[in-house]
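What follows is a set of notes on a single structure, which appears directly below.
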Amino acid sequence: MTAALGLAGGLLALCGLRFSAWLLLAAMFVSLGGELIWPEYYAFSWIALLLYALSALLSSALVRAGEETPVKKLPLSVAVIAMMAAAGAGGAAVWYYDKGVMAERFRDARANDPAYQQIAEEVKAKDARIAETDGKVREQMGLVAEREQKIGELTAVSAAKDEEIRKLTAQSAARDERIAALNARLERAKTELAAAQAESRRKFVYLRGSNNVRDVPNADKGSKVIGRLSNETAEVVGSQGGWYQVKGSFGAGWVFGKNAVMLDLGR
């Protein structure tokens with residue numbers, strides 16, 4: 001009813017009819033009454049009042065106080081466009097306000113619904129668990145990053161140790177080569193020393209006169225003469241009793257030491 005009155009009043013006001021102001025006033029009072037009786041009418045009441053006030057201002061500007069003809073009549077197309085623009089603005093305002101009211105009602109209904117409250121509590125609990133899990137995950141990620149950093153440091157230390165071990169291995173190989181060379185020299189020195197010691201242990205005798213060389217150190221029991229040394233020096237390779245075993249062109253034989261003089265090669 002208020003919409004019809006307001007629409008009629010606005011059209012009549014735009015067309016320049018004087019009694020349109022009474023229609024606008026009636027629509028305004030009906031809107032106020034509807035708001036007092038039905039609180040839900042609030043969303044439409046104030047929008048209607050604004051539109052009606054706009055129409056009243058337009059009507060008072062177009063209609064003189066003592067005349068029923070307008071000072072200046074607006075073209076019908078301009079009036080229709082103005083009304084459509086006002087209706088669009090009013091509809092958008094009503095939709096926006098109604099959307100807010102419905103959202104508030106929906107929130108109130110959900111807040112008073114036990115099932116929704118239970119679901120909300122479960123969602124809050126899940127959010128808390130998710131937040132706790134996220135915190136733990138972040139903590140674990142921090143630990144993993146710290147562990148990776150330590151692994152990187154240990155890898156660098158290990159690489160440095162490997163390089164040091166490689167250098168020490170190379171040094172050890174060179175040292176082993178030097179030790180092998182020294183061992184070879186030591187063996188040669190030992191061989192030379194043994195030869196020198198053997199040479200130093202050789203004994204020589206000078207045999208004066210003519211001396212028979214026998215195959216056994218015995219001149220009385222069938223020993224055989226295998227050579228003769230006269231005023232010669234011979235190397236002693238053994239001794240038994242008063243006999244010396246000497247070496248010569250005959251091989252090894254025995255001479256009696258009566259005519260033998262032991263030589264001292266160290267002097």
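For the structure tokens, the naming scheme is as follows: chains receive sequential letters (A, B, ...) according to their order of presentation, residues are indexed from 1 within each chain, and ligands are indexed from 1 in presentation order.
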For Ile226 (chain A): contacts at 8 Å, only C-alpha atoms, fewer than 5 positions along chain excluded, given as a VMD selection string: chain A and resid 212 to 215 250 253
Could those selected residues go to a file with C-alpha atoms, as a compact mmCIF listing (two decimals), in the first residue's frame?
```txt
# COMPACT_ATOMS: atom_id res chain seq x y z
CA ASN A 212 153.24 -81.47 3.32
CA VAL A 213 149.52 -80.93 2.97
CA ARG A 214 147.54 -83.98 4.00
CA ASP A 215 143.93 -84.94 3.54
CA PHE A 250 144.85 -78.54 -3.95
CA GLY A 253 144.11 -79.81 3.36
```
Residue with the minimum atom-to-atom distance to Leu207 (chain A), picked from A:Leu186, A:Val261, A:Ile130, A:Leu143 with only C-alpha atoms counted, is A:Val261
Mind pulling up the distance from CA of Ser172 (chain A) to CA of Arg188 (chain A)?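 According to the coordinates, CA of Arg188 (chain A) and CA of Ser172 (chain A) are separated by 23.8 Å.
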Set the distance at 8 Å and use only C-alpha atoms: which residues neighbour Val205 (chain A) once local chain neighbours fewer than 4 positions away are removed? I'd like the list as JSON, numbers by chain. {"A": [233, 234, 235, 236, 260, 261, 262, 263]}
Distance of CA of Phe256 (chain A) from CA of Trp243 (chain A), expressed in Å to one decimal place: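 One can read the CA of Trp243 (chain A) to CA of Phe256 (chain A) distance as 4.5 Å.
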Tell me, in Å to one decimal, how far CA of Pro217 (chain A) is from CA of Gly257 (chain A).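 So the answer is 10.6 Å.
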Give the strand (DSSP E or B) residues of region 132-249 of chain A, as assigned by DSSP on the backbone, as a PyMOL selection string. chain A and resi 203-214+225-240+243-248
Which polymer residues have any atom within 10 Å of an atom of Asn231 (chain A), counting only C-alpha atoms, with same-chain residues fewer than 4 positions away left out, as a list of chain:residue names? A:Tyr206, A:Leu207, A:Arg208, A:Gly209, A:Ser210, A:Asn211, A:Asn259, A:Ala260
For N, CA and C atoms, I'd like the residues from the last selection saved as an mmCIF file, in the first residue's frame.
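Result file follows (part_25.cif):
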```cif
data_model
loop_
_atom_site.group_PDB
_atom_site.id
_atom_site.type_symbol
_atom_site.label_atom_id
_atom_site.label_comp_id
_atom_site.auth_asym_id
_atom_site.auth_seq_id
_atom_site.Cartn_x
_atom_site.Cartn_y
_atom_site.Cartn_z
ATOM 1 N N TYR A 206 151.800 -68.265 7.877
ATOM 2 C CA TYR A 206 152.991 -68.345 7.007
ATOM 3 C C TYR A 206 153.695 -69.651 7.337
ATOM 4 N N LEU A 207 153.868 -70.441 6.308
ATOM 5 C CA LEU A 207 154.485 -71.770 6.476
ATOM 6 C C LEU A 207 155.946 -71.686 6.034
ATOM 7 N N ARG A 208 156.840 -71.852 7.012
ATOM 8 C CA ARG A 208 158.265 -71.816 6.711
ATOM 9 C C ARG A 208 158.752 -73.184 6.262
ATOM 10 N N GLY A 209 159.679 -73.158 5.377
ATOM 11 C CA GLY A 209 160.253 -74.418 4.905
ATOM 12 C C GLY A 209 159.274 -75.169 4.030
ATOM 13 N N SER A 210 159.468 -76.456 3.947
ATOM 14 C CA SER A 210 158.617 -77.318 3.125
ATOM 15 C C SER A 210 157.656 -78.064 4.028
ATOM 16 N N ASN A 211 156.380 -77.962 3.697
ATOM 17 C CA ASN A 211 155.336 -78.564 4.528
ATOM 18 C C ASN A 211 154.398 -79.366 3.644
ATOM 19 N N ASN A 259 155.700 -75.544 11.826
ATOM 20 C CA ASN A 259 156.379 -74.531 11.025
ATOM 21 C C ASN A 259 155.455 -73.375 10.625
ATOM 22 N N ALA A 260 154.270 -73.301 11.199
ATOM 23 C CA ALA A 260 153.298 -72.267 10.828
ATOM 24 C C ALA A 260 153.388 -71.079 11.777
#
```
